[in-house]
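Note: the block below is start_0.cif and it holds mmCIF, C-alpha atoms and all ligand atoms.
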```
data_final
#
loop_
_atom_site.label_atom_id
_atom_site.label_comp_id
_atom_site.auth_asym_id
_atom_site.auth_seq_id
_atom_site.Cartn_x
_atom_site.Cartn_y
_atom_site.Cartn_z
CA MET A 10 0.00 0.00 0.00
CA LYS A 11 1.52 3.30 -1.09
CA SER A 12 -0.52 5.61 1.11
CA ASN A 13 -1.56 5.79 4.73
CA LEU A 14 -5.00 4.37 4.11
CA PRO A 15 -6.83 3.40 7.28
CA ASP A 16 -7.36 -0.32 8.02
CA LYS A 17 -11.12 0.08 7.92
CA ILE A 18 -12.91 2.03 5.18
CA ASP A 19 -16.70 2.21 5.07
CA THR A 20 -17.06 4.35 1.94
CA LEU A 21 -14.49 5.11 -0.73
CA PHE A 22 -15.16 7.84 -3.30
CA ILE A 23 -13.26 7.62 -6.57
CA ASN A 24 -13.25 9.46 -9.92
CA CYS A 25 -13.86 12.82 -8.33
CA HIS A 26 -12.27 16.23 -8.04
CA LEU A 27 -12.20 18.03 -4.72
CA ALA A 28 -12.41 21.60 -3.56
CA THR A 29 -11.25 20.93 -0.02
CA MET A 30 -11.51 24.54 1.30
CA THR A 31 -8.34 24.13 3.32
CA ASP A 32 -5.62 26.85 3.60
CA ASN A 33 -8.13 29.64 2.88
CA SER A 34 -8.48 28.62 -0.75
CA LEU A 35 -10.41 26.13 -2.86
CA SER A 36 -7.37 23.82 -2.57
CA ILE A 37 -8.33 21.69 -5.53
CA VAL A 38 -7.34 18.04 -5.81
CA GLU A 39 -8.03 16.56 -9.25
CA ASN A 40 -8.51 12.83 -9.87
CA ALA A 41 -8.98 12.41 -6.18
CA ALA A 42 -10.25 9.78 -3.77
CA ILE A 43 -11.70 10.12 -0.27
CA ALA A 44 -12.12 7.43 2.37
CA VAL A 45 -14.76 7.69 5.08
CA THR A 46 -14.71 5.61 8.24
CA GLY A 47 -17.64 5.91 10.60
CA LYS A 48 -18.68 9.56 10.79
CA THR A 49 -15.39 11.08 9.65
CA ILE A 50 -13.12 11.49 6.68
CA SER A 51 -10.29 9.02 7.23
CA TRP A 52 -8.14 9.69 4.16
CA VAL A 53 -7.88 12.22 1.31
CA GLY A 54 -5.60 11.69 -1.67
CA THR A 55 -5.45 10.95 -5.39
CA LYS A 56 -6.72 7.86 -7.13
CA LYS A 57 -3.16 7.02 -8.14
CA GLU A 58 -2.24 6.59 -4.49
CA LEU A 59 -4.82 3.84 -4.00
CA PRO A 60 -3.60 0.24 -3.92
CA LYS A 61 -4.55 -2.04 -6.86
CA ASN A 62 -7.07 -3.90 -4.72
CA TYR A 63 -8.92 -0.73 -3.71
CA LYS A 64 -12.29 -2.22 -4.66
CA ARG A 65 -11.91 -4.81 -1.95
CA ILE A 66 -10.77 -2.57 0.86
CA CYS A 67 -14.08 -0.75 1.38
CA GLN A 68 -17.70 -1.60 2.16
CA ILE A 69 -19.18 0.87 -0.35
CA LEU A 70 -17.39 2.16 -3.45
CA ILE A 71 -18.80 5.32 -5.02
CA ASP A 72 -17.80 6.20 -8.56
CA CYS A 73 -18.39 9.95 -8.70
CA GLN A 74 -18.28 10.01 -12.51
CA ASN A 75 -15.91 12.97 -12.54
CA GLY A 76 -18.16 15.01 -10.26
CA TRP A 77 -16.83 17.58 -7.81
CA ILE A 78 -16.95 16.95 -4.08
CA LEU A 79 -17.24 19.95 -1.79
CA PRO A 80 -17.87 20.07 1.94
CA GLY A 81 -21.57 20.38 2.71
CA PHE A 82 -22.53 24.05 2.87
CA VAL A 83 -22.68 25.71 6.28
CA ASP A 84 -25.52 28.27 6.32
CA CYS A 85 -24.45 30.23 9.39
CA HIS A 86 -27.35 32.72 9.68
CA THR A 87 -31.03 31.80 9.32
CA HIS A 88 -34.30 32.60 11.08
CA LEU A 89 -36.24 29.73 9.58
CA VAL A 90 -38.74 29.01 12.35
CA TRP A 91 -41.59 31.45 11.83
CA GLY A 92 -45.36 31.55 11.52
CA GLY A 93 -47.45 33.48 8.99
CA SER A 94 -46.31 35.17 5.81
CA ARG A 95 -45.12 38.64 4.84
CA SER A 96 -45.81 38.45 1.11
CA ASN A 97 -48.25 41.36 1.61
CA GLU A 98 -45.36 43.49 2.88
CA PHE A 99 -43.29 42.42 -0.10
CA GLU A 100 -46.02 43.84 -2.31
CA MET A 101 -46.19 47.01 -0.20
CA ARG A 102 -42.46 47.45 -0.61
CA LEU A 103 -42.77 46.99 -4.36
CA LYS A 104 -45.11 49.99 -4.25
CA GLY A 105 -42.55 52.09 -2.39
CA ALA A 106 -42.97 51.45 1.36
CA THR A 107 -39.65 50.90 3.13
CA TYR A 108 -38.69 48.11 5.55
CA GLU A 109 -38.28 50.67 8.35
CA GLU A 110 -41.66 52.34 7.64
CA ILE A 111 -43.43 48.98 7.73
CA SER A 112 -41.67 48.10 10.98
CA LYS A 113 -42.61 51.46 12.57
CA LYS A 114 -46.28 50.80 11.75
CA GLY A 115 -46.23 47.49 13.64
CA GLY A 116 -45.59 45.31 10.59
CA GLY A 117 -42.29 43.69 9.76
CA ILE A 118 -40.85 41.58 12.55
CA PHE A 119 -43.93 42.42 14.69
CA SER A 120 -46.33 40.76 12.28
CA THR A 121 -44.21 37.60 12.27
CA VAL A 122 -44.04 37.72 16.08
CA LYS A 123 -47.84 37.81 16.26
CA ALA A 124 -48.23 34.86 13.89
CA THR A 125 -45.45 32.89 15.59
CA ARG A 126 -46.97 33.42 19.04
CA GLU A 127 -50.32 32.17 17.72
CA ALA A 128 -48.89 29.12 15.90
CA SER A 129 -48.92 25.74 17.62
CA ARG A 130 -45.62 23.92 18.16
CA HIS A 131 -46.80 21.29 15.72
CA ASP A 132 -47.56 23.84 12.98
CA LEU A 133 -44.27 25.65 13.49
CA PHE A 134 -42.42 22.36 13.26
CA SER A 135 -44.13 21.36 10.05
CA LEU A 136 -43.57 24.79 8.43
CA ALA A 137 -39.92 24.81 9.46
CA SER A 138 -39.43 21.19 8.30
CA LYS A 139 -40.24 22.21 4.74
CA ARG A 140 -37.62 24.95 4.93
CA VAL A 141 -34.95 22.65 6.36
CA ASP A 142 -35.75 20.18 3.62
CA ALA A 143 -35.27 22.94 1.04
CA LEU A 144 -31.87 23.79 2.54
CA LEU A 145 -30.81 20.14 2.46
CA LYS A 146 -31.73 20.02 -1.24
CA GLN A 147 -29.31 22.96 -1.71
CA GLY A 148 -26.37 21.00 -0.32
CA ILE A 149 -26.54 22.67 3.09
CA THR A 150 -25.58 20.17 5.78
CA THR A 151 -25.07 22.58 8.72
CA PRO A 152 -27.58 25.40 9.16
CA GLU A 153 -27.78 27.75 12.10
CA ILE A 154 -31.30 28.75 13.20
CA LYS A 155 -32.08 31.77 15.39
CA SER A 156 -35.12 32.29 17.57
CA GLY A 157 -36.37 35.88 17.79
CA TYR A 158 -39.97 35.81 16.57
CA GLY A 159 -41.31 35.08 20.06
CA LEU A 160 -40.07 37.98 22.17
CA ASN A 161 -41.64 36.46 25.26
CA LEU A 162 -40.36 33.56 27.32
CA GLU A 163 -43.03 31.10 26.25
CA THR A 164 -42.65 31.65 22.50
CA GLU A 165 -38.85 31.94 22.49
CA LEU A 166 -38.73 28.55 24.27
CA LYS A 167 -41.29 27.16 21.80
CA ILE A 168 -39.13 28.23 18.84
CA LEU A 169 -35.92 26.84 20.34
CA ASP A 170 -37.72 23.58 21.15
CA VAL A 171 -38.77 23.35 17.52
CA VAL A 172 -35.15 23.98 16.45
CA ASN A 173 -34.00 21.14 18.70
CA GLN A 174 -36.76 18.88 17.39
CA LEU A 175 -35.61 19.65 13.82
CA ASN A 176 -32.07 18.75 14.83
CA GLU A 177 -33.30 15.36 16.04
CA ARG A 178 -35.54 14.71 13.04
CA PHE A 179 -33.15 15.73 10.26
CA PRO A 180 -29.69 14.34 9.57
CA LEU A 181 -28.06 17.76 9.35
CA HIS A 182 -26.36 19.42 12.29
CA ILE A 183 -28.39 22.45 13.39
CA ASP A 184 -26.84 25.11 15.62
CA ALA A 185 -29.45 26.95 17.72
CA THR A 186 -29.04 30.66 18.54
CA PHE A 187 -31.18 32.67 20.96
CA LEU A 188 -32.15 36.05 19.46
CA GLY A 189 -34.56 37.26 22.15
CA ALA A 190 -33.16 40.78 21.55
CA HIS A 191 -34.37 40.85 17.95
CA THR A 192 -36.66 43.81 18.41
CA LEU A 193 -38.56 45.45 21.26
CA PRO A 194 -41.96 43.73 21.64
CA LEU A 195 -44.93 46.11 21.44
CA GLU A 196 -45.99 45.39 25.04
CA PHE A 197 -42.62 46.81 26.21
CA ALA A 198 -42.75 49.89 23.94
CA ASP A 199 -42.62 52.21 26.97
CA ASN A 200 -40.21 50.08 28.95
CA PRO A 201 -37.26 48.96 26.81
CA ASP A 202 -35.01 48.39 29.81
CA GLY A 203 -37.71 46.15 31.30
CA TYR A 204 -37.47 43.96 28.20
CA ILE A 205 -33.67 43.81 28.43
CA ASP A 206 -34.11 42.73 32.07
CA LEU A 207 -36.51 40.01 30.95
CA VAL A 208 -34.00 38.79 28.36
CA THR A 209 -31.00 38.87 30.69
CA GLN A 210 -32.55 37.83 33.99
CA THR A 211 -35.26 35.39 32.95
CA MET A 212 -34.88 34.15 29.37
CA LEU A 213 -31.11 33.63 29.24
CA PRO A 214 -30.83 31.62 32.49
CA LYS A 215 -33.82 29.48 31.49
CA ILE A 216 -32.41 28.77 28.03
CA LYS A 217 -29.05 27.95 29.55
CA ALA A 218 -30.65 25.58 32.05
CA GLN A 219 -32.54 23.80 29.27
CA GLY A 220 -29.44 23.62 27.04
CA ILE A 221 -31.48 24.52 23.95
CA ALA A 222 -29.19 27.15 22.40
CA THR A 223 -25.43 27.47 22.11
CA ALA A 224 -25.16 31.09 20.97
CA VAL A 225 -26.79 34.45 21.66
CA ASP A 226 -27.38 37.12 19.02
CA VAL A 227 -28.69 40.72 19.26
CA PHE A 228 -30.02 43.08 16.58
CA CYS A 229 -28.08 46.30 17.28
CA GLU A 230 -29.78 49.00 15.19
CA HIS A 231 -31.83 52.16 15.63
CA ILE A 232 -35.03 50.17 14.95
CA ALA A 233 -33.98 47.49 17.44
CA PHE A 234 -31.48 47.75 20.36
CA SER A 235 -28.89 50.35 21.32
CA LEU A 236 -25.24 49.74 22.00
CA ASP A 237 -25.82 49.90 25.76
CA GLN A 238 -28.68 47.43 25.62
CA THR A 239 -26.61 45.12 23.43
CA ARG A 240 -23.75 45.32 25.95
CA LYS A 241 -26.11 44.24 28.75
CA VAL A 242 -27.28 41.19 26.80
CA PHE A 243 -23.71 40.29 25.85
CA GLN A 244 -22.52 40.60 29.45
CA ALA A 245 -25.24 38.28 30.69
CA ALA A 246 -24.79 35.82 27.82
CA LYS A 247 -21.04 35.71 28.19
CA SER A 248 -21.21 35.07 31.91
CA LEU A 249 -23.46 32.09 31.18
CA GLY A 250 -20.96 30.74 28.64
CA PHE A 251 -22.87 31.37 25.40
CA LYS A 252 -21.09 32.02 22.12
CA LEU A 253 -21.90 35.53 20.83
CA LYS A 254 -23.02 36.87 17.45
CA LEU A 255 -24.33 40.27 16.38
CA HIS A 256 -26.60 41.73 13.69
CA ALA A 257 -24.84 45.05 13.18
CA GLU A 258 -24.45 48.01 10.86
CA GLN A 259 -27.21 46.74 8.54
CA LEU A 260 -29.14 50.01 8.16
CA SER A 261 -26.78 52.47 9.88
CA ASP A 262 -23.42 52.55 11.66
CA SER A 263 -24.24 51.89 15.32
CA ASN A 264 -20.69 50.89 16.31
CA GLY A 265 -21.94 47.38 16.99
CA ALA A 266 -18.94 45.72 15.35
CA ALA A 267 -16.54 47.30 17.87
CA LEU A 268 -18.70 45.97 20.70
CA ALA A 269 -18.82 42.52 19.12
CA ALA A 270 -15.02 42.61 18.90
CA GLU A 271 -14.69 43.73 22.52
CA PHE A 272 -16.69 40.65 23.54
CA ASN A 273 -14.81 38.34 21.15
CA ALA A 274 -18.02 37.47 19.33
CA LEU A 275 -17.75 34.76 16.70
CA SER A 276 -19.28 36.93 14.00
CA CYS A 277 -20.79 40.25 13.07
CA ASP A 278 -23.47 39.97 10.42
CA HIS A 279 -24.76 42.29 7.63
CA LEU A 280 -22.18 45.13 8.01
CA GLU A 281 -23.20 47.34 5.07
CA TYR A 282 -22.50 50.49 7.15
CA LEU A 283 -19.37 49.20 8.93
CA SER A 284 -16.71 51.86 9.61
CA LEU A 285 -12.99 51.32 9.09
CA SER A 286 -12.35 51.46 12.82
CA GLY A 287 -15.07 48.85 13.40
CA ALA A 288 -13.45 46.61 10.78
CA GLN A 289 -10.04 47.05 12.40
CA LYS A 290 -11.44 45.93 15.74
CA MET A 291 -13.07 42.91 14.08
CA ALA A 292 -9.70 42.00 12.57
CA ASP A 293 -7.94 42.37 15.93
CA HIS A 294 -10.41 39.99 17.58
CA ASN A 295 -10.89 37.44 14.77
CA VAL A 296 -14.55 38.27 14.29
CA VAL A 297 -15.96 36.75 11.09
CA ALA A 298 -17.83 39.09 8.71
CA VAL A 299 -21.07 37.36 7.71
CA LEU A 300 -22.36 38.74 4.40
CA LEU A 301 -26.06 38.43 3.65
CA PRO A 302 -26.63 39.41 0.03
CA GLY A 303 -30.22 38.11 0.09
CA ALA A 304 -31.22 40.81 2.61
CA PHE A 305 -29.28 43.48 0.68
CA TYR A 306 -31.13 42.44 -2.48
CA PHE A 307 -34.60 42.17 -0.94
CA LEU A 308 -34.28 45.52 0.83
CA LYS A 309 -32.90 47.12 -2.34
CA GLN A 310 -30.01 48.49 -0.32
CA LYS A 311 -27.45 50.66 -2.04
CA GLN A 312 -24.53 50.64 0.35
CA LYS A 313 -22.43 47.49 0.04
CA PRO A 314 -20.44 45.95 2.88
CA PRO A 315 -16.74 46.96 2.70
CA VAL A 316 -15.44 43.82 1.02
CA LYS A 317 -12.12 45.41 0.04
CA THR A 318 -11.49 46.31 3.69
CA PHE A 319 -12.26 42.72 4.73
CA ARG A 320 -9.71 41.52 2.18
CA ASP A 321 -7.09 44.09 3.22
CA LEU A 322 -7.48 43.23 6.91
CA ASN A 323 -7.73 39.46 6.34
CA ILE A 324 -11.16 39.29 7.94
CA PRO A 325 -12.77 35.97 6.97
CA MET A 326 -16.00 36.50 5.01
CA ALA A 327 -18.87 34.06 5.44
CA VAL A 328 -21.87 34.03 3.10
CA SER A 329 -25.32 32.99 4.27
CA THR A 330 -28.95 32.99 3.11
CA ASP A 331 -30.34 34.87 6.17
CA LEU A 332 -33.50 32.89 5.42
CA ASN A 333 -36.32 34.84 7.10
CA PRO A 334 -39.83 36.00 6.15
CA GLY A 335 -39.06 39.73 5.93
CA SER A 336 -35.70 40.79 4.59
CA SER A 337 -34.53 37.57 2.94
CA PRO A 338 -37.04 34.85 2.06
CA VAL A 339 -34.19 33.17 0.20
CA HIS A 340 -34.06 29.37 0.43
CA SER A 341 -31.20 28.88 -2.01
CA MET A 342 -27.50 28.81 -1.22
CA THR A 343 -26.53 28.65 -4.89
CA LEU A 344 -28.57 31.79 -5.59
CA THR A 345 -26.97 33.41 -2.53
CA LEU A 346 -23.52 32.55 -3.89
CA ASN A 347 -24.44 34.19 -7.18
CA MET A 348 -25.71 37.29 -5.35
CA ALA A 349 -22.53 37.47 -3.26
CA CYS A 350 -20.55 37.62 -6.51
CA MET A 351 -22.87 39.93 -8.44
CA LEU A 352 -23.88 42.33 -5.66
CA PHE A 353 -20.83 42.32 -3.36
CA ASP A 354 -18.13 41.58 -5.97
CA LEU A 355 -16.85 38.46 -4.27
CA THR A 356 -14.81 36.07 -6.39
CA CYS A 357 -16.28 32.59 -6.80
CA GLU A 358 -13.54 31.29 -4.51
CA GLU A 359 -14.41 33.83 -1.80
CA ALA A 360 -18.12 33.06 -2.08
CA LEU A 361 -17.54 29.30 -1.84
CA LEU A 362 -15.18 29.71 1.13
CA GLY A 363 -17.91 31.88 2.65
CA ALA A 364 -20.49 29.12 2.41
CA THR A 365 -18.16 26.43 3.76
CA ILE A 366 -15.16 26.95 6.04
CA ASN A 367 -15.88 30.60 6.87
CA GLY A 368 -19.52 29.78 7.60
CA ALA A 369 -18.20 27.11 9.97
CA ARG A 370 -15.86 29.70 11.56
CA ALA A 371 -18.83 31.99 12.12
CA LEU A 372 -20.37 29.20 14.21
CA GLY A 373 -17.16 28.12 15.93
CA LEU A 374 -17.43 24.76 14.15
CA ASN A 375 -14.43 24.99 11.83
CA LEU A 376 -12.59 22.13 13.50
CA SER A 377 -15.25 19.68 12.36
CA LYS A 378 -17.25 21.33 9.54
CA GLY A 379 -16.71 23.27 6.34
CA SER A 380 -13.63 21.62 4.81
CA ILE A 381 -12.43 18.27 3.51
CA ALA A 382 -9.52 16.88 5.53
CA THR A 383 -8.70 13.78 7.53
CA GLY A 384 -10.50 13.82 10.85
CA LYS A 385 -13.25 16.23 9.74
CA ASP A 386 -16.90 15.22 9.74
CA ALA A 387 -17.79 13.36 6.55
CA ASP A 388 -20.32 15.98 5.38
CA LEU A 389 -19.82 15.77 1.63
CA VAL A 390 -21.80 16.82 -1.42
CA ILE A 391 -21.06 15.51 -4.92
CA TRP A 392 -21.94 18.04 -7.60
CA ASP A 393 -22.41 17.29 -11.30
CA ILE A 394 -20.54 20.41 -12.46
CA GLU A 395 -17.54 21.23 -14.64
CA THR A 396 -15.83 23.50 -12.12
CA PRO A 397 -16.61 24.83 -8.59
CA ALA A 398 -17.30 28.27 -10.10
CA ASP A 399 -20.44 26.73 -11.69
CA LEU A 400 -22.05 26.84 -8.24
CA CYS A 401 -21.87 30.64 -8.37
CA TYR A 402 -22.41 31.00 -12.09
CA LEU A 403 -25.40 28.72 -12.78
CA ALA A 404 -27.61 30.90 -10.60
CA GLY A 405 -29.99 28.79 -8.57
CA LEU A 406 -29.23 25.42 -10.23
CA THR A 407 -28.45 22.61 -7.78
CA PRO A 408 -27.05 19.66 -9.70
CA ILE A 409 -26.45 17.44 -6.66
CA SER A 410 -25.58 13.78 -7.28
CA MET A 411 -25.11 12.71 -3.68
CA VAL A 412 -25.24 14.02 -0.11
CA MET A 413 -23.42 12.38 2.78
CA ILE A 414 -23.78 13.65 6.34
CA GLN A 415 -21.51 12.30 9.06
CA GLY A 416 -20.72 9.23 6.97
CA ARG A 417 -24.33 8.38 6.06
CA ILE A 418 -25.72 8.78 2.56
CA TYR A 419 -29.02 10.67 2.37
CA HIS A 420 -29.38 11.32 -1.32
CA ASN A 421 -27.78 9.35 -4.11
CA ASP A 422 -28.37 9.60 -7.85
CA LEU A 423 -25.14 7.77 -8.66
CA GLN A 424 -25.07 4.09 -9.51
CA CYS A 425 -22.90 2.29 -7.00
O1 LIG B 1 -31.39 39.36 9.40
N1 LIG B 1 -31.86 42.15 10.92
C1 LIG B 1 -32.72 41.59 11.60
N2 LIG B 1 -33.29 40.43 11.37
C2 LIG B 1 -33.56 39.87 10.12
C3 LIG B 1 -34.82 40.37 9.57
C4 LIG B 1 -35.98 39.75 10.18
C5 LIG B 1 -37.32 40.12 9.61
O2 LIG B 1 -37.50 41.13 8.91
O3 LIG B 1 -38.23 39.35 9.92
C6 LIG B 1 -32.39 40.03 9.18
O4 LIG B 1 -32.43 40.80 8.21
FE FE B 2 -30.71 37.92 10.28
#
```
Turn this file's structure into structure tokens for me.
Amino acid sequence: MKSNLPDKIDTLFINCHLATMTDNSLSIVENAAIAVTGKTISWVGTKKELPKNYKRICQILIDCQNGWILPGFVDCHTHLVWGGSRSNEFEMRLKGATYEEISKKGGGIFSTVKATREASRHDLFSLASKRVDALLKQGITTPEIKSGYGLNLETELKILDVVNQLNERFPLHIDATFLGAHTLPLEFADNPDGYIDLVTQTMLPKIKAQGIATAVDVFCEHIAFSLDQTRKVFQAAKSLGFKLKLHAEQLSDSNGAALAAEFNALSCDHLEYLSLSGAQKMADHNVVAVLLPGAFYFLKQKQKPPVKTFRDLNIPMAVSTDLNPGSSPVHSMTLTLNMACMLFDLTCEEALLGATINGARALGLNLSKGSIATGKDADLVIWDIETPADLCYLAGLTPISMVMIQGRIYHNDLQC
């Protein structure tokens, strides 16, 4: 045997090309082979390195027919558990109403909060299941899902329960984030600090005790929470051991990114109005910039996030759907990749890194997810494409031949 193949191989992939997403680049391996043992990748190399008897050394042999294998996509920012619909607001916006105007009149997030509070757990689960299924069909194997359409203890717990139920029901790994500070609920309109107390003193400890979320996010914006309020939530969340994330500088520069950096948050998301000093602080504290071109597109925003600054300061850029009923009802990662290139001027390589290893970084999961290397989770998608750039170029097409999650095959159009 020429290579260090493991003694036991469950699945061996041959006749494939890889974009491994290691070393901050596509890191292409042509005429490759991958061995999977149990839930993890046990060997990565070229077909030439395989011994002559390779057909006999594995349980399952998969001929990828010259397809490309990429790590399953990591969609690091979604809000996919919601009730109701906002297609009426979409139509209002087409006639000129703005997202902020609709929100100020009690629509926007508030209308989804009302519908989500009224929805039964069963209905929320079945609505969200369809969305998770759509993500899986896009080659997403690790989505993050935020709460934030409850804004009271009962409904926030209901949403996070549904997220955990989805995690049990579906093969993908779902990371749950508590976004109780998404917006100020109407019943606290005259008492914003009272709501922050509810989030920090009641909701956070309860969620921690139930172990139903790993991260905490806040929407820091003039239509949501101030810097001081965000700081209070971060302080409480950090002391309970949650990972931190922040929606910041989406509609204005609120200096949220600097606060996220001060707290060593995993990521700062949106960032259209980010200042240079905010970006410098993100760079100093390894905060990932999560780009959400779907929201930029749906809100018809004009100001782009400072991609050149991210490049200059070596800030990793993640790309995510932001799937939500208001600003980004986008269920497609391949369309999101195309938008990241067309709207934010990312290269195909940057966009693909954004949906894999940098998405994993934004969740603190980069040691196990988002790249193809020995020891990583065997979350692999085989694509029937000519080159990885096709995933950005063929806007919205998803030519998936096979999906494997943690060593188990869930979709297979290949003969093997
Ligand atoms: O990521 N920025 C805040 N939250 C969502 C929007 C949610 C909604 O409009 O329902 C976002 O854009
Ligand atoms: Fe969001």
Which residues of chain A sit at most 12 Å from ligand FE 2 (chain B), using all atoms listed in the file? Give each one's shortest atom pair and distance in Å (one decimal place), in chain and ascending residue order, as a Markdown table.
```
| residue | atom | partner | partner_atom | distance |
| --- | --- | --- | --- | --- |
| A:Asp84 | CA | B:FE2 | FE | 11.7 |
| A:Cys85 | CA | B:FE2 | FE | 10.0 |
| A:His86 | CA | B:FE2 | FE | 6.2 |
| A:Thr87 | CA | B:FE2 | FE | 6.2 |
| A:His88 | CA | B:FE2 | FE | 6.5 |
| A:Leu89 | CA | B:FE2 | FE | 9.9 |
| A:Ile118 | CA | B:FE2 | FE | 11.0 |
| A:Glu153 | CA | B:FE2 | FE | 10.7 |
| A:Ile154 | CA | B:FE2 | FE | 9.6 |
| A:Lys155 | CA | B:FE2 | FE | 8.1 |
| A:Ser156 | CA | B:FE2 | FE | 10.2 |
| A:Gly157 | CA | B:FE2 | FE | 9.6 |
| A:Tyr158 | CA | B:FE2 | FE | 11.4 |
| A:Thr186 | CA | B:FE2 | FE | 11.1 |
| A:Phe187 | CA | B:FE2 | FE | 11.9 |
| A:Leu188 | CA | B:FE2 | FE | 9.5 |
| A:Ala190 | CA | B:FE2 | FE | 11.9 |
| A:His191 | CA | B:FE2 | FE | 9.0 |
| A:Thr192 | CA | B:FE2 | FE | 11.7 |
| A:Asp226 | CA | B:FE2 | FE | 9.4 |
| A:Val227 | CA | B:FE2 | FE | 9.6 |
| A:Phe228 | CA | B:FE2 | FE | 8.2 |
| A:Cys229 | CA | B:FE2 | FE | 11.2 |
| A:Lys254 | CA | B:FE2 | FE | 10.6 |
| A:Leu255 | CA | B:FE2 | FE | 9.1 |
| A:His256 | CA | B:FE2 | FE | 6.6 |
| A:Ala257 | CA | B:FE2 | FE | 9.7 |
| A:Glu258 | CA | B:FE2 | FE | 11.9 |
| A:Gln259 | CA | B:FE2 | FE | 9.6 |
| A:Cys277 | CA | B:FE2 | FE | 10.6 |
| A:Asp278 | CA | B:FE2 | FE | 7.5 |
| A:His279 | CA | B:FE2 | FE | 7.8 |
| A:Leu280 | CA | B:FE2 | FE | 11.4 |
| A:Val299 | CA | B:FE2 | FE | 10.0 |
| A:Leu300 | CA | B:FE2 | FE | 10.2 |
| A:Leu301 | CA | B:FE2 | FE | 8.1 |
| A:Pro302 | CA | B:FE2 | FE | 11.1 |
| A:Gly303 | CA | B:FE2 | FE | 10.2 |
| A:Ala304 | CA | B:FE2 | FE | 8.2 |
| A:Phe305 | CA | B:FE2 | FE | 11.2 |
| A:Ser329 | CA | B:FE2 | FE | 9.5 |
| A:Thr330 | CA | B:FE2 | FE | 8.9 |
| A:Asp331 | CA | B:FE2 | FE | 5.1 |
| A:Leu332 | CA | B:FE2 | FE | 7.5 |
| A:Asn333 | CA | B:FE2 | FE | 7.1 |
| A:Pro334 | CA | B:FE2 | FE | 10.2 |
| A:Gly335 | CA | B:FE2 | FE | 9.6 |
| A:Ser336 | CA | B:FE2 | FE | 8.1 |
| A:Ser337 | CA | B:FE2 | FE | 8.3 |
| A:Pro338 | CA | B:FE2 | FE | 10.8 |
| A:Val339 | CA | B:FE2 | FE | 11.7 |
```
Checklist entry - Hey, can you check how far atom CA of A:His26 sits from atom CA of A:Lys57? => result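 If I compute the distance from atom CA of A:His26 to atom CA of A:Lys57, I get 13.0 Å.
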Checklist entry - Looking at only C-alpha atoms, which of A:Leu144, A:Val316, A:Ala44, A:Leu308 is the one that sits closest to A:Asp354? => result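 Of the candidates, the smallest distance to A:Asp354 is held by A:Val316.
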Checklist entry - Between A:Arg417, A:His231, A:Lys252, A:Lys48, which one has atoms that come closest to ligand LIG 1 (chain B), using all atoms listed in the file? => result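 Under the stated criterion, the closest residue is A:His231.
Interatomic distance, atom CA of A:Ile366 to atom CA of A:Ala327: 8.0 Å.
Using all atoms listed in the file, the smallest distance between any of A:Gly363, A:Pro60, A:Gly47, A:Pro214 and A:Val83 comes from A:Gly363.
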Checklist entry - Pick the closest to ligand LIG 1 (chain B) from A:Pro408, A:Gly384, A:Gly159, A:Gly287: which is it, counting all atoms listed in the file? => result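 Using all atoms listed in the file, ligand LIG 1 (chain B) sits closest to A:Gly159.
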Next on the checklist: Given all atoms listed in the file as the basis, pick out the residue of A:Thr55, A:Ser34, A:Ser112, A:Thr29 nearest to ligand LIG 1 (chain B).
Outcome noted: A:Ser112
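Minimum atom-to-atom distance to ligand LIG 1 (chain B), evaluated using all atoms listed in the file, belongs to A:Ile111 out of A:Leu133, A:Met326, A:Met212, A:Ile111.
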So for stretch 154-162 of chain A, what box centre and size do we get, axis-aligned, 4 Å extra on each of the six sides, every listed atom, Å to one decimal, as AutoDock Vina command-line options?
```
--center_x -36.5 --center_y 33.4 --center_z 20.3 --size_x 18.3 --size_y 17.2 --size_z 22.1
```
Next on the checklist: So that I can check the surroundings of A:Asp293, please list as a list in words every protein, DNA and RNA residue that reaches within 10 Å of it, counting only C-alpha atoms and ignoring chain neighbours fewer than 4 positions away.
Outcome noted: Ala270, Glu271, Asn273, Gly287, Ala288, Gln289, Leu322 and Ile324 of chain A
Item to check | Distance query A:Ser261 at most 8 Å, all atoms listed in the file, self and fewer than 5 positions along chain excluded, as an NGL selection string | outcome: :A and (230-231 or 281-282)
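One finds atom CA of A:Ile78 at 23.1 Å from atom CA of A:Asn62.
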Next on the checklist: Counting only C-alpha atoms, I want the residues whose atoms come within 10 Å of (-33.2, 24.4, 1.5) in the file frame, returned as number ranges by chain.
Outcome noted: A: 84, 138-150, 152, 330, 332, 339-342
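With distances taken from (-33.1, 12.9, 5.5) and restricted to only C-alpha atoms, the residues inside 9 Å are Asp142, Leu145, Arg178, Phe179, Pro180, Leu181, Ile418, Tyr419 and His420 of chain A.
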May I have the residues from that selection written out with C-alpha atoms, as a CSV table (one decimal), keeping the file's coordinate frame?
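Below is the file that was written, selection_12.csv:
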```
chain,number,residue,atom,x,y,z
A,142,ASP,CA,-35.8,20.2,3.6
A,145,LEU,CA,-30.8,20.1,2.5
A,178,ARG,CA,-35.5,14.7,13.0
A,179,PHE,CA,-33.2,15.7,10.3
A,180,PRO,CA,-29.7,14.3,9.6
A,181,LEU,CA,-28.1,17.8,9.4
A,418,ILE,CA,-25.7,8.8,2.6
A,419,TYR,CA,-29.0,10.7,2.4
A,420,HIS,CA,-29.4,11.3,-1.3
```
